[in-house]
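Raw target.cif, mmCIF, C-alpha atoms and all ligand atoms:
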data_coords
#
loop_
_atom_site.label_atom_id
_atom_site.label_comp_id
_atom_site.auth_asym_id
_atom_site.auth_seq_id
_atom_site.Cartn_x
_atom_site.Cartn_y
_atom_site.Cartn_z
CA MET M 1 -14.57 6.37 25.74
CA THR M 2 -11.88 8.57 27.19
CA SER M 3 -12.36 7.23 30.67
CA LYS M 4 -10.82 3.99 29.49
CA ILE M 5 -7.54 5.66 28.74
CA GLU M 6 -6.72 7.65 31.76
CA LYS M 7 -3.82 9.02 33.62
CA GLU M 8 -1.29 6.33 34.12
CA ASP M 9 0.92 6.18 37.12
CA LEU M 10 4.48 5.14 37.19
CA SER M 11 3.79 1.66 38.43
CA ARG M 12 1.75 0.48 35.47
CA ARG M 13 4.10 1.00 32.66
CA ASN M 14 7.11 1.14 34.90
CA PHE M 15 8.64 4.10 33.27
CA VAL M 16 12.36 4.71 33.62
CA PHE M 17 13.89 8.11 33.51
CA GLY M 18 17.58 8.85 33.35
CA SER M 19 17.15 11.85 35.60
CA ILE M 20 14.44 14.25 36.47
CA ALA M 21 15.51 17.79 36.93
CA ALA M 22 13.25 20.25 38.66
CA ALA M 23 14.63 23.26 36.86
CA GLY M 24 12.05 24.35 34.34
CA LEU M 25 12.53 26.50 31.32
CA THR M 26 9.57 28.34 29.98
CA VAL M 27 9.16 28.57 26.27
CA ALA M 28 7.32 31.36 24.56
CA PRO M 29 4.05 30.10 23.12
CA GLY M 30 4.89 28.68 19.75
CA VAL M 31 3.08 29.66 16.62
CA MET M 32 0.64 26.87 15.98
CA LEU M 33 0.92 26.48 12.26
CA TYR M 34 3.82 25.22 10.30
CA GLN M 35 4.74 25.85 6.74
CA THR M 36 6.86 23.12 5.25
CA ALA M 37 4.29 20.39 4.75
CA ASN M 38 1.92 22.74 3.02
CA ALA M 39 4.50 23.32 0.39
CA ARG M 40 5.24 19.65 -0.12
CA ASP M 41 4.34 18.15 -3.48
CA LEU M 42 1.90 15.45 -2.46
CA SER M 43 2.59 13.43 -5.57
CA LYS M 44 6.20 12.93 -4.46
CA PRO M 45 7.39 10.69 -1.65
CA VAL M 46 8.34 12.37 1.59
CA SER M 47 12.01 13.24 1.83
CA SER M 48 14.60 13.02 4.56
CA LYS M 49 15.24 16.72 4.14
CA VAL M 50 12.44 17.10 6.66
CA ARG M 51 12.48 15.53 10.06
CA TRP M 52 9.33 16.03 12.06
CA GLY M 53 9.66 16.45 15.76
CA MET M 54 7.81 17.69 18.80
CA LEU M 55 8.98 19.77 21.73
CA ILE M 56 6.92 19.35 24.87
CA ASP M 57 7.14 21.98 27.58
CA THR M 58 6.19 20.18 30.77
CA THR M 59 6.41 23.35 32.84
CA LYS M 60 3.25 24.69 31.20
CA ASP M 61 0.14 24.36 33.25
CA VAL M 62 -1.73 22.20 30.78
CA ASP M 63 -4.07 19.31 31.41
CA TRP M 64 -2.21 16.67 29.45
CA ASN M 65 -5.28 14.45 29.50
CA LYS M 66 -6.71 16.76 26.89
CA CYS M 67 -3.96 15.56 24.56
CA VAL M 68 -4.87 11.96 25.32
CA GLU M 69 -8.51 12.69 24.58
CA ALA M 70 -7.69 14.46 21.34
CA CYS M 71 -5.56 11.52 20.25
CA VAL M 72 -8.28 9.02 21.11
CA LYS M 73 -10.80 11.02 19.13
CA GLU M 74 -8.53 11.59 16.16
CA HIS M 75 -7.69 7.94 15.73
CA GLY M 76 -10.92 6.40 16.93
CA LEU M 77 -9.22 4.57 19.79
CA GLY M 78 -10.97 3.09 22.79
CA ASN M 79 -13.38 0.94 20.78
CA GLU M 80 -12.15 -2.31 22.28
CA GLU M 81 -14.97 -4.06 24.11
CA HIS M 82 -13.41 -7.14 25.60
CA SER M 83 -9.86 -6.09 26.36
CA ARG M 84 -8.68 -5.26 29.84
CA ALA M 85 -7.77 -1.67 30.58
CA ASP M 86 -4.09 -2.51 30.38
CA GLN M 87 -4.57 -4.18 27.02
CA ARG M 88 -6.36 -1.31 25.32
CA THR M 89 -4.46 0.78 22.86
CA GLN M 90 -2.69 3.89 24.03
CA TYR M 91 -0.90 6.11 21.59
CA ILE M 92 -0.16 8.69 24.27
CA ARG M 93 -0.42 8.58 28.02
CA VAL M 94 0.24 10.84 30.94
CA VAL M 95 3.05 9.77 33.22
CA ASP M 96 3.31 11.16 36.73
CA VAL M 97 6.76 11.21 38.26
CA LYS M 98 7.92 12.14 41.71
CA ASN M 99 11.32 12.82 43.12
CA LYS M 100 11.26 11.05 46.46
CA THR M 101 14.00 13.12 48.05
CA THR M 102 12.54 16.51 47.30
CA GLY M 103 8.89 15.55 46.92
CA TYR M 104 8.75 17.39 43.62
CA SER M 105 6.24 15.83 41.27
CA MET M 106 5.23 16.49 37.70
CA SER M 107 3.30 15.03 34.79
CA LEU M 108 4.32 14.63 31.23
CA PRO M 109 2.70 13.19 28.13
CA VAL M 110 4.59 10.31 26.55
CA MET M 111 3.92 8.95 23.11
CA CYS M 112 6.12 7.21 20.56
CA GLN M 113 9.31 9.23 20.63
CA HIS M 114 9.93 8.80 16.89
CA CYS M 115 13.49 7.69 17.39
CA GLU M 116 16.04 8.41 14.72
CA LYS M 117 17.42 4.92 15.28
CA PRO M 118 14.28 3.08 16.30
CA PRO M 119 14.84 -0.32 17.97
CA CYS M 120 11.26 -1.24 17.05
CA VAL M 121 12.25 -1.07 13.40
CA ASP M 122 15.51 -2.95 13.95
CA VAL M 123 13.80 -5.97 15.44
CA CYS M 124 10.79 -6.20 13.14
CA PRO M 125 11.04 -9.46 11.16
CA THR M 126 8.75 -8.33 8.34
CA GLY M 127 9.55 -4.68 7.80
CA ALA M 128 6.17 -3.66 9.15
CA SER M 129 7.62 -1.41 11.82
CA MET M 130 9.08 1.35 9.74
CA LYS M 131 10.40 4.87 9.71
CA ARG M 132 9.23 7.17 6.99
CA GLU M 133 11.85 9.29 5.31
CA ASP M 134 10.61 12.31 7.22
CA GLY M 135 11.28 10.63 10.56
CA ILE M 136 7.77 9.48 11.42
CA VAL M 137 7.83 5.96 12.86
CA LEU M 138 4.74 3.86 12.28
CA VAL M 139 3.49 0.33 11.71
CA ASP M 140 2.56 -0.83 8.23
CA ARG M 141 -0.31 -3.09 9.25
CA HIS M 142 -0.31 -4.74 5.83
CA ARG M 143 2.93 -6.41 6.88
CA CYS M 144 2.48 -6.73 10.64
CA ILE M 145 2.19 -10.33 11.78
CA GLY M 146 1.57 -9.41 15.39
CA CYS M 147 4.74 -10.93 16.82
CA ARG M 148 5.13 -8.01 19.24
CA TYR M 149 8.92 -7.94 19.15
CA CYS M 150 8.72 -4.19 18.69
CA MET M 151 6.72 -3.83 21.86
CA MET M 152 9.48 -5.53 23.75
CA ALA M 153 12.19 -3.56 21.99
CA CYS M 154 10.71 -0.12 22.57
CA PRO M 155 12.31 1.41 25.66
CA TYR M 156 9.42 3.86 25.98
CA LYS M 157 6.65 1.26 26.08
CA ALA M 158 5.05 3.26 23.30
CA ARG M 159 3.32 0.42 21.52
CA SER M 160 0.06 -1.42 21.97
CA PHE M 161 -1.40 -4.55 20.48
CA VAL M 162 -4.98 -4.94 19.31
CA HIS M 163 -6.40 -8.09 20.88
CA GLU M 164 -9.87 -8.16 19.41
CA THR M 165 -11.89 -7.58 16.31
CA LEU M 166 -12.58 -3.89 15.84
CA THR M 167 -15.36 -2.15 14.03
CA ASP M 168 -16.05 1.49 13.27
CA GLN M 169 -12.47 2.50 12.74
CA LYS M 170 -11.76 5.97 11.50
CA THR M 171 -11.22 6.19 7.76
CA THR M 172 -7.93 7.94 8.34
CA THR M 173 -6.62 5.41 10.86
CA PRO M 174 -7.25 1.84 9.72
CA ARG M 175 -6.47 -0.45 12.63
CA GLY M 176 -7.39 -3.96 13.60
CA LYS M 177 -6.92 -7.18 15.46
CA GLY M 178 -3.54 -8.84 15.49
CA CYS M 179 -1.51 -5.74 14.71
CA VAL M 180 0.75 -3.61 16.84
CA GLU M 181 0.19 0.12 16.70
CA SER M 182 1.48 3.32 18.18
CA CYS M 183 1.43 7.09 17.80
CA ASN M 184 2.03 7.84 14.14
CA MET M 185 2.55 11.54 14.72
CA CYS M 186 -0.87 11.96 13.15
CA VAL M 187 0.66 11.27 9.77
CA ASN M 188 -2.75 11.68 8.13
CA ARG M 189 -2.97 15.23 9.44
CA VAL M 190 0.66 16.13 8.88
CA ASP M 191 0.42 15.14 5.21
CA ASN M 192 -2.57 17.43 4.99
CA GLY M 193 -0.63 20.35 6.40
CA GLN M 194 -2.41 20.11 9.74
CA LEU M 195 -0.89 19.83 13.19
CA PRO M 196 -1.04 16.57 15.13
CA ALA M 197 -4.19 16.39 17.22
CA CYS M 198 -2.42 16.51 20.59
CA VAL M 199 -0.41 19.53 19.49
CA GLU M 200 -3.54 21.34 18.45
CA VAL M 201 -5.16 21.09 21.88
CA SER M 202 -1.98 21.65 23.87
CA GLU M 203 -2.34 25.43 24.12
CA GLY M 204 1.15 25.86 22.76
CA ALA M 205 2.79 23.49 25.23
CA ILE M 206 3.69 21.11 22.42
CA VAL M 207 5.43 22.59 19.43
CA PHE M 208 5.51 20.58 16.25
CA GLY M 209 7.86 21.23 13.37
CA ASP M 210 10.80 20.36 11.19
CA LEU M 211 13.93 19.65 13.21
CA ASN M 212 16.04 19.90 10.08
CA ASP M 213 14.94 23.43 9.30
CA PRO M 214 16.89 25.88 11.49
CA GLU M 215 14.24 28.53 10.87
CA SER M 216 11.33 26.44 12.16
CA ASP M 217 9.78 27.34 15.51
CA ILE M 218 10.83 24.08 17.05
CA SER M 219 14.45 24.43 15.96
CA ARG M 220 14.61 28.01 17.19
CA LEU M 221 13.17 27.06 20.56
CA LEU M 222 15.58 24.17 20.83
CA ALA M 223 18.49 26.41 19.87
CA LYS M 224 17.51 29.00 22.43
CA HIS M 225 16.39 26.92 25.39
CA GLY M 226 17.58 23.41 24.63
CA GLY M 227 15.55 20.27 24.98
CA LYS M 228 15.84 16.98 26.77
CA GLN M 229 15.28 13.51 25.45
CA ILE M 230 13.96 10.78 27.71
CA ARG M 231 16.64 8.15 28.14
CA ALA M 232 19.06 10.10 25.99
CA ASP M 233 21.70 7.63 27.18
CA LEU M 234 20.26 5.07 24.78
CA LYS M 235 21.39 7.28 21.89
CA LEU M 236 18.24 6.69 19.88
CA ASN M 237 17.92 10.41 19.24
CA PRO M 238 14.15 10.71 19.63
CA GLY M 239 12.32 13.32 17.61
CA VAL M 240 10.18 14.08 20.64
CA GLN M 241 11.97 16.29 23.12
CA TYR M 242 11.02 17.79 26.44
CA GLN M 243 11.59 20.89 28.47
CA GLY M 244 11.31 20.85 32.23
CA ILE M 245 12.07 17.22 32.83
CA MET H 246 -22.60 -0.77 -18.80
CA TRP H 247 -20.72 -0.01 -15.66
CA LEU H 248 -21.66 -2.65 -13.16
CA GLN H 249 -24.57 -3.96 -15.11
CA LEU H 250 -23.10 -7.42 -14.80
CA ASN H 251 -26.22 -9.09 -16.01
CA ILE H 252 -25.69 -12.80 -16.35
CA ASN H 253 -29.27 -13.50 -17.29
CA PHE H 254 -28.62 -13.66 -21.00
CA SER H 255 -29.46 -16.23 -23.59
CA PHE H 256 -26.92 -18.58 -25.06
CA SER H 257 -27.75 -17.69 -28.63
CA SER H 258 -27.04 -14.04 -28.05
CA LEU H 259 -23.65 -15.06 -26.78
CA LEU H 260 -22.77 -16.73 -30.03
CA LYS H 261 -23.63 -13.64 -31.95
CA GLY H 262 -20.81 -11.67 -30.63
CA SER H 263 -19.58 -10.22 -27.43
CA LEU H 264 -17.99 -13.29 -25.86
CA GLN H 265 -14.56 -11.72 -25.70
CA LYS H 266 -15.86 -8.61 -24.06
CA LEU H 267 -17.55 -10.42 -21.22
CA PRO H 268 -15.73 -10.84 -17.95
CA LEU H 269 -13.97 -14.18 -17.99
CA SER H 270 -15.83 -15.66 -15.09
CA VAL H 271 -19.17 -14.89 -16.66
CA ALA H 272 -18.07 -16.23 -20.02
CA GLY H 273 -16.86 -19.40 -18.32
CA LEU H 274 -20.12 -19.84 -16.56
CA ALA H 275 -21.98 -19.39 -19.79
CA LEU H 276 -19.85 -22.00 -21.49
CA MET H 277 -20.37 -24.45 -18.69
CA ALA H 278 -24.05 -23.82 -18.84
CA SER H 279 -24.00 -24.41 -22.57
CA PHE H 280 -23.19 -28.11 -22.11
CA THR H 281 -26.45 -28.70 -20.36
CA THR H 282 -28.79 -26.19 -21.87
CA VAL H 283 -27.99 -26.01 -25.52
CA ASN H 284 -30.06 -23.54 -27.45
CA ALA H 285 -32.27 -22.90 -24.51
CA GLU H 286 -32.79 -19.72 -22.59
CA VAL H 287 -30.49 -20.05 -19.55
CA GLU H 288 -32.50 -19.81 -16.38
CA GLN H 289 -31.13 -17.73 -13.54
CA ASP H 290 -31.31 -20.67 -11.18
CA GLU H 291 -28.98 -22.70 -13.32
CA LEU H 292 -26.34 -20.01 -13.25
CA GLY H 293 -26.28 -19.73 -9.50
CA PRO H 294 -27.11 -16.65 -7.51
CA ARG H 295 -27.45 -13.39 -9.30
CA ILE H 296 -25.08 -10.62 -8.32
CA GLU H 297 -26.86 -7.45 -7.62
CA ILE H 298 -24.45 -4.70 -8.34
CA PRO H 299 -25.73 -1.20 -7.95
CA ASP H 300 -26.25 1.03 -10.90
CA SER H 301 -23.55 3.63 -11.32
CA SER H 302 -25.94 6.05 -12.97
CA GLY H 303 -23.40 6.95 -15.59
CA LYS H 304 -20.70 8.08 -13.17
CA SER H 305 -17.14 7.20 -14.00
CA CYS H 306 -14.44 5.60 -11.92
CA VAL H 307 -10.70 6.30 -11.80
CA LEU H 308 -10.23 3.89 -14.70
CA PRO H 309 -12.54 2.54 -17.39
CA GLU H 310 -14.71 -0.28 -16.18
CA ASP H 311 -12.90 -3.21 -17.78
CA GLU H 312 -9.57 -1.95 -16.45
CA ILE H 313 -10.68 -1.21 -12.94
CA ARG H 314 -12.19 -4.67 -12.66
CA ARG H 315 -8.87 -6.28 -13.40
CA LYS H 316 -6.49 -3.77 -11.95
CA HIS H 317 -8.06 -2.62 -8.70
CA PRO H 318 -6.14 -5.11 -6.54
CA ASP H 319 -2.86 -3.90 -7.98
CA MET H 320 -3.88 -0.30 -7.64
CA LEU H 321 -4.69 -0.75 -3.99
CA LYS H 322 -1.48 -2.64 -3.38
CA HIS H 323 0.39 0.14 -5.08
CA ASP H 324 -1.35 2.67 -2.94
CA ARG H 325 -0.55 0.91 0.28
CA ILE H 326 3.14 1.10 -0.50
CA LEU H 327 3.17 4.50 -2.12
CA THR H 328 0.91 6.19 0.37
CA LEU H 329 1.70 4.46 3.61
CA ARG H 330 5.39 3.83 3.26
CA GLU H 331 6.44 6.68 1.00
CA GLY H 332 3.92 9.33 1.87
CA VAL H 333 2.59 9.96 -1.63
CA ARG H 334 -0.86 11.44 -1.23
CA ALA H 335 -1.67 12.54 -4.76
CA LYS H 336 -5.09 11.94 -6.21
CA ALA H 337 -5.25 9.22 -8.82
CA ASP H 338 -6.56 11.47 -11.57
CA GLY H 339 -4.35 14.35 -10.52
CA ASN H 340 -7.41 16.22 -9.46
CA ASN H 341 -10.35 14.90 -7.55
CA LEU H 342 -10.16 11.17 -7.56
CA ASP H 343 -8.18 9.34 -5.00
CA GLY H 344 -6.97 5.82 -5.78
CA SER H 345 -7.44 4.76 -2.18
CA LEU H 346 -9.78 2.31 -0.56
CA LYS H 347 -11.37 5.25 1.19
CA GLN H 348 -12.34 6.64 -2.17
CA CYS H 349 -13.78 3.32 -3.32
CA ILE H 350 -15.97 3.24 -0.24
CA ASN H 351 -16.99 6.87 -0.49
CA CYS H 352 -18.30 6.35 -4.01
CA HIS H 353 -19.61 2.83 -3.83
CA ALA H 354 -21.20 2.56 -0.39
CA ILE H 355 -24.64 1.03 -0.57
CA LYS H 356 -27.62 1.90 1.56
CA ASP H 357 -30.27 -0.53 2.70
CA ASP H 358 -34.01 0.02 2.82
CA ASN H 359 -33.68 1.96 6.05
CA ASP H 360 -31.27 4.40 4.48
CA GLN H 361 -28.35 2.99 6.46
CA TYR H 362 -25.07 2.05 4.87
CA VAL H 363 -24.65 -1.70 4.72
CA ARG H 364 -21.55 -3.16 6.33
CA ILE H 365 -19.30 -5.94 5.15
CA ASP H 366 -21.39 -8.57 6.87
CA ASN H 367 -24.09 -7.79 4.32
CA ASP H 368 -23.96 -9.39 0.88
CA LYS H 369 -25.12 -6.14 -0.65
CA HIS H 370 -21.93 -4.33 0.34
CA PHE H 371 -20.28 -3.27 -2.91
CA CYS H 372 -16.99 -5.08 -2.35
CA VAL H 373 -18.58 -8.13 -0.78
CA SER H 374 -21.12 -8.61 -3.57
CA CYS H 375 -18.49 -9.44 -6.18
CA HIS H 376 -15.88 -11.00 -3.94
CA LYS H 377 -18.35 -13.39 -2.46
CA TYR H 378 -19.55 -14.38 -5.90
CA ALA H 379 -16.01 -14.97 -7.07
CA ALA H 380 -15.03 -16.71 -3.81
CA VAL H 381 -12.36 -14.15 -3.06
CA THR H 382 -11.59 -13.65 0.60
CA ILE H 383 -10.14 -10.29 1.37
CA ASP H 384 -9.36 -8.92 4.78
CA CYS H 385 -9.08 -5.21 4.00
CA PHE H 386 -11.98 -4.45 6.27
CA GLN H 387 -10.51 -5.96 9.37
CA CYS H 388 -8.70 -2.66 9.59
CA HIS H 389 -10.22 -0.36 6.99
CA ARG H 390 -13.57 1.30 7.46
CA ASP H 391 -16.27 -0.38 5.39
CA ILE H 392 -18.63 2.59 5.09
CA PRO H 393 -18.08 6.31 4.52
CA GLU H 394 -17.34 8.63 7.36
CA GLY H 395 -18.68 12.15 7.65
CA SER H 396 -16.48 13.89 5.23
CA SER H 397 -16.29 16.61 2.69
CA ASN H 398 -13.84 14.49 0.81
CA PHE H 399 -16.36 12.74 -1.39
CA HIS H 400 -15.49 12.71 -5.01
CA ALA H 401 -17.65 15.11 -6.94
CA LEU H 402 -19.37 12.26 -8.74
CA SER H 403 -20.16 10.32 -5.59
CA GLY H 404 -23.81 9.92 -4.85
CA HIS H 405 -23.02 10.52 -1.19
CA LYS H 406 -21.80 14.05 -1.58
CA ASN H 407 -25.04 15.56 -0.43
CA THR H 408 -25.94 12.98 2.15
CA ASP H 409 -27.50 14.56 5.19
CA PHE H 410 -25.46 13.04 7.96
CA SER H 411 -27.50 14.74 10.66
CA SER H 412 -30.12 12.03 10.31
CA VAL H 413 -27.69 9.18 10.78
CA THR H 414 -28.49 6.81 13.62
CA PRO H 415 -26.03 7.01 16.50
CA GLY H 416 -23.83 3.97 16.74
CA SER H 417 -23.67 3.38 13.04
CA TYR H 418 -20.70 5.69 12.91
CA GLY H 419 -17.65 6.27 15.02
CA LEU H 420 -18.70 9.89 15.33
CA THR H 421 -21.74 11.20 17.10
CA VAL H 422 -24.67 12.66 15.25
CA LYS H 423 -23.57 16.09 16.38
CA ASP H 424 -20.08 15.54 15.03
CA MET H 425 -21.51 14.46 11.75
CA ALA H 426 -23.82 17.44 11.53
CA ASN H 427 -20.89 19.73 12.16
CA ILE H 428 -18.74 18.07 9.58
CA ALA H 429 -20.96 17.07 6.72
CA PRO H 430 -21.46 17.76 4.04
CA GLU H 431 -19.69 20.90 2.99
CA VAL H 432 -17.21 22.13 5.56
CA SER H 433 -13.70 21.12 6.47
CA SER H 434 -13.36 17.85 8.28
CA ASP H 435 -10.81 15.75 10.02
CA ASP H 436 -9.70 14.27 6.73
CA LYS H 437 -10.17 17.18 4.42
S1 LIG I 501 9.62 5.28 20.86
FE1 LIG I 501 9.44 3.07 20.67
S2 LIG I 501 7.91 2.77 19.05
FE2 LIG I 501 8.60 4.90 18.91
S3 LIG I 501 10.32 4.86 17.43
FE3 LIG I 501 11.25 4.64 19.45
S4 LIG I 501 11.41 2.42 19.75
FE4 LIG I 501 9.93 2.74 18.06
S1 LIG I 502 0.89 12.94 17.43
FE1 LIG I 502 -1.17 12.16 16.98
S2 LIG I 502 -0.98 9.96 17.28
FE2 LIG I 502 0.80 10.86 18.30
S3 LIG I 502 0.15 11.18 20.41
FE3 LIG I 502 -0.27 13.09 19.33
S4 LIG I 502 -2.43 12.90 18.70
FE4 LIG I 502 -1.71 10.83 19.22
#
Would you encode the structure as structure tokens?
Amino acid sequence: MTSKIEKEDLSRRNFVFGSIAAAGLTVAPGVMLYQTANARDLSKPVSSKVRWGMLIDTTKDVDWNKCVEACVKEHGLGNEEHSRADQRTQYIRVVDVKNKTTGYSMSLPVMCQHCEKPPCVDVCPTGASMKREDGIVLVDRHRCIGCRYCMMACPYKARSFVHETLTDQKTTTPRGKGCVESCNMCVNRVDNGQLPACVEVSEGAIVFGDLNDPESDISRLLAKHGGKQIRADLKLNPGVQYQGI
Amino acid sequence: MWLQLNINFSFSSLLKGSLQKLPLSVAGLALMASFTTVNAEVEQDELGPRIEIPDSSGKSCVLPEDEIRRKHPDMLKHDRILTLREGVRAKADGNNLDGSLKQCINCHAIKDDNDQYVRIDNDKHFCVSCHKYAAVTIDCFQCHRDIPEGSSNFHALSGHKNTDFSSVTPGSYGLTVKDMANIAPEVSSDDK
């Protein structure tokens, strides 16, 4: 199953970076658990007081494919039978980049960046592509008509389209033919007070937490070492930030 | 009489009383039948196929039977907005019962003679059995899972709580037999 969703190189998804800096900052291993969601009253809607984000330290020597595998397993991806490899769903992929002048190369995991001002939501004609109050961007498949505007609008190529009838979906991730989908920051786990699947297997290289809470691990790390957004020039203010890119 | 939707009744017994209490479709059928078979015992054949709805064995749902029959589409619609879009994850009864489709499936999944859960292509599937009879076409299961998944999240009254998932045939689930054995039935799971 996992072999279907493998390391992607730059050519396939034609990834564009503003700049790639070689200078890496090492972050102390983050504490894996977070507190806020546990305290949330599950009978109330999520609130914009919280904004979930992830900080990915690309300087850590981590096999990012483990994150891809964890994501595939968590959401039951890779069960397409007829689709071509480049049609199959990817919530997260590993992008290899190389600076041609210096020869420096690196890999980084890229998933939906959970933009604060998501173009995928702006263009959606039905309101299916949506941002939850707590900053998680996802597709409401009940409303998705499969027009794929959001796939074109997303500068990160984060979205996939399901081309065929699926069976054996995971209970926690209903997904099916004719709908667009993307990383949902493991909303099913986050609401349960668990960490996203890729974060859990990342050996501390991905820190998940509340960007609005200055006391959270992610905010403290960002305050201390800073973080970089991919294509920050687009001013979408992604909730997923990087170190070492 | 949860789910004992027995339409093999006699016309005369209808007249004696409980017409109002019967589900509308059944009452309508009975009335139609009455034009042709007055005062005669209505044969099953004349009423069309019999719905075989599994016995609930006295377990109770999130709402009383007559309400859940009418309101479940609205409840699910409500849930898909509340839960998906707003992030409300509370249980329907404030305790154990979840008003989600997942919960419906966890309680009402049906097994065939080989002890395998039947899927939506099978007329015995709980949702399909009624919807097919009433000519309702739903597409929930194009995306949603139609059978339970190894989980400790079964409602206490569900007959599947103590299912031994280690004997499940590979391929009938998204998870491997080993996964299932590790998860079910009592310990924490992916969707605890
Ligand atoms: S990364 Fe793409 S899919 Fe994710 S929120 Fe931004 S525009 Fe939408
Ligand atoms: S947060 Fe969840 S859905 Fe998103 S990439 Fe990580 S594992 Fe996949």
Dump as a ChimeraX atom specification the residues of chain M that approach chain H to within 6 Å, counting all atoms listed in the file. /M:42-46,168-169,171,174-176
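Put simply, atom CA of Gly53 of chain M is 18.3 Å away from atom CA of Ala70 of chain M.
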Set the cut-off to 8 Å, count only C-alpha atoms and all ligand atoms, and list whatever residues fall near ligand LIG 502 (chain I) as a list of chain:residue names. M:Cys67, M:Val68, M:Ala70, M:Cys71, M:Val72, M:Glu74, M:His75, M:Tyr91, M:Ile92, M:Val110, M:Met111, M:Cys112, M:Ser182, M:Cys183, M:Asn184, M:Met185, M:Cys186, M:Val187, M:Pro196, M:Ala197, M:Cys198, M:Val199
Might you pull out every residue within 6 Å of segment 132-136 of chain M, with all atoms listed in the file counted and same-chain residues fewer than 4 positions away left off, and present them as a PyMOL selection string? chain M and resi 46-48+50-52+114
Straight-line distance linking atom CA of Asp57 of chain M with atom CA of Ile230 of chain M, stated in Å to one decimal: 13.1 Å
In Å, rounded to a single decimal, give me how far atom CA of Lys170 of chain M is from atom CA of Gly209 of chain M. 24.9 Å
Please tabulate, as CSV, the residues of chain M that come within 9 Å of ligand LIG 501 (chain I), each with its closest pair of atoms and the distance in Å to one decimal, counting all atoms listed in the file and ordering rows by chain, then residue number upward.
residue,atom,partner,partner_atom,distance
M:Met111,CA,I:LIG501,S1,7.1
M:Cys112,CA,I:LIG501,FE2,3.8
M:Gln113,CA,I:LIG501,S1,4.0
M:His114,CA,I:LIG501,S3,4.0
M:Cys115,CA,I:LIG501,S3,4.2
M:Glu116,CA,I:LIG501,S3,7.3
M:Lys117,CA,I:LIG501,S3,7.4
M:Pro118,CA,I:LIG501,S3,4.5
M:Pro119,CA,I:LIG501,S4,4.7
M:Cys120,CA,I:LIG501,FE4,4.3
M:Val121,CA,I:LIG501,FE4,6.5
M:Asp122,CA,I:LIG501,S4,8.9
M:Ser129,CA,I:LIG501,FE4,7.8
M:Met130,CA,I:LIG501,FE4,8.5
M:Lys131,CA,I:LIG501,S3,7.7
M:Ile136,CA,I:LIG501,S3,8.0
M:Val137,CA,I:LIG501,S3,5.3
M:Leu138,CA,I:LIG501,S2,7.6
M:Val139,CA,I:LIG501,S2,8.9
M:Cys150,CA,I:LIG501,S2,7.0
M:Met151,CA,I:LIG501,S2,7.3
M:Ala153,CA,I:LIG501,S4,6.4
M:Cys154,CA,I:LIG501,S4,3.9
M:Pro155,CA,I:LIG501,FE1,6.0
M:Tyr156,CA,I:LIG501,S1,5.3
M:Lys157,CA,I:LIG501,FE1,6.4
M:Ala158,CA,I:LIG501,FE1,5.1
M:Arg159,CA,I:LIG501,S2,5.7
M:Glu181,CA,I:LIG501,S2,8.5
M:Ser182,CA,I:LIG501,S2,6.5
M:Cys183,CA,I:LIG501,FE2,7.6
M:Asn184,CA,I:LIG501,FE2,8.6
M:Leu236,CA,I:LIG501,FE3,7.3
M:Asn237,CA,I:LIG501,FE3,8.8
M:Pro238,CA,I:LIG501,FE3,6.7
M:Gly239,CA,I:LIG501,S3,8.7
M:Val240,CA,I:LIG501,S1,8.8
Store the residues picked out above, limited to C-alpha atoms, as a compact mmCIF listing (two decimals), keeping the file's coordinate frame.
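Dumped everything to out.txt:
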# COMPACT_ATOMS: atom_id res chain seq x y z
CA MET M 111 3.92 8.95 23.11
CA CYS M 112 6.12 7.21 20.56
CA GLN M 113 9.31 9.23 20.63
CA HIS M 114 9.93 8.80 16.89
CA CYS M 115 13.49 7.69 17.39
CA GLU M 116 16.04 8.41 14.72
CA LYS M 117 17.42 4.92 15.28
CA PRO M 118 14.28 3.08 16.30
CA PRO M 119 14.84 -0.32 17.97
CA CYS M 120 11.26 -1.24 17.05
CA VAL M 121 12.25 -1.07 13.40
CA ASP M 122 15.51 -2.95 13.95
CA SER M 129 7.62 -1.41 11.82
CA MET M 130 9.08 1.35 9.74
CA LYS M 131 10.40 4.87 9.71
CA ILE M 136 7.77 9.48 11.42
CA VAL M 137 7.83 5.96 12.86
CA LEU M 138 4.74 3.86 12.28
CA VAL M 139 3.49 0.33 11.71
CA CYS M 150 8.72 -4.19 18.69
CA MET M 151 6.72 -3.83 21.86
CA ALA M 153 12.19 -3.56 21.99
CA CYS M 154 10.71 -0.12 22.57
CA PRO M 155 12.31 1.41 25.66
CA TYR M 156 9.42 3.86 25.98
CA LYS M 157 6.65 1.26 26.08
CA ALA M 158 5.05 3.26 23.30
CA ARG M 159 3.32 0.42 21.52
CA GLU M 181 0.19 0.12 16.70
CA SER M 182 1.48 3.32 18.18
CA CYS M 183 1.43 7.09 17.80
CA ASN M 184 2.03 7.84 14.14
CA LEU M 236 18.24 6.69 19.88
CA ASN M 237 17.92 10.41 19.24
CA PRO M 238 14.15 10.71 19.63
CA GLY M 239 12.32 13.32 17.61
CA VAL M 240 10.18 14.08 20.64
Show me, as AutoDock Vina command-line options, the centre and edge lengths in Å to one decimal of the axis-aligned box that covers every listed atom of segment 332-335 of chain H with 6 Å on each side.
--center_x 1.1 --center_y 10.9 --center_z -1.4 --size_x 17.6 --size_y 15.2 --size_z 18.6
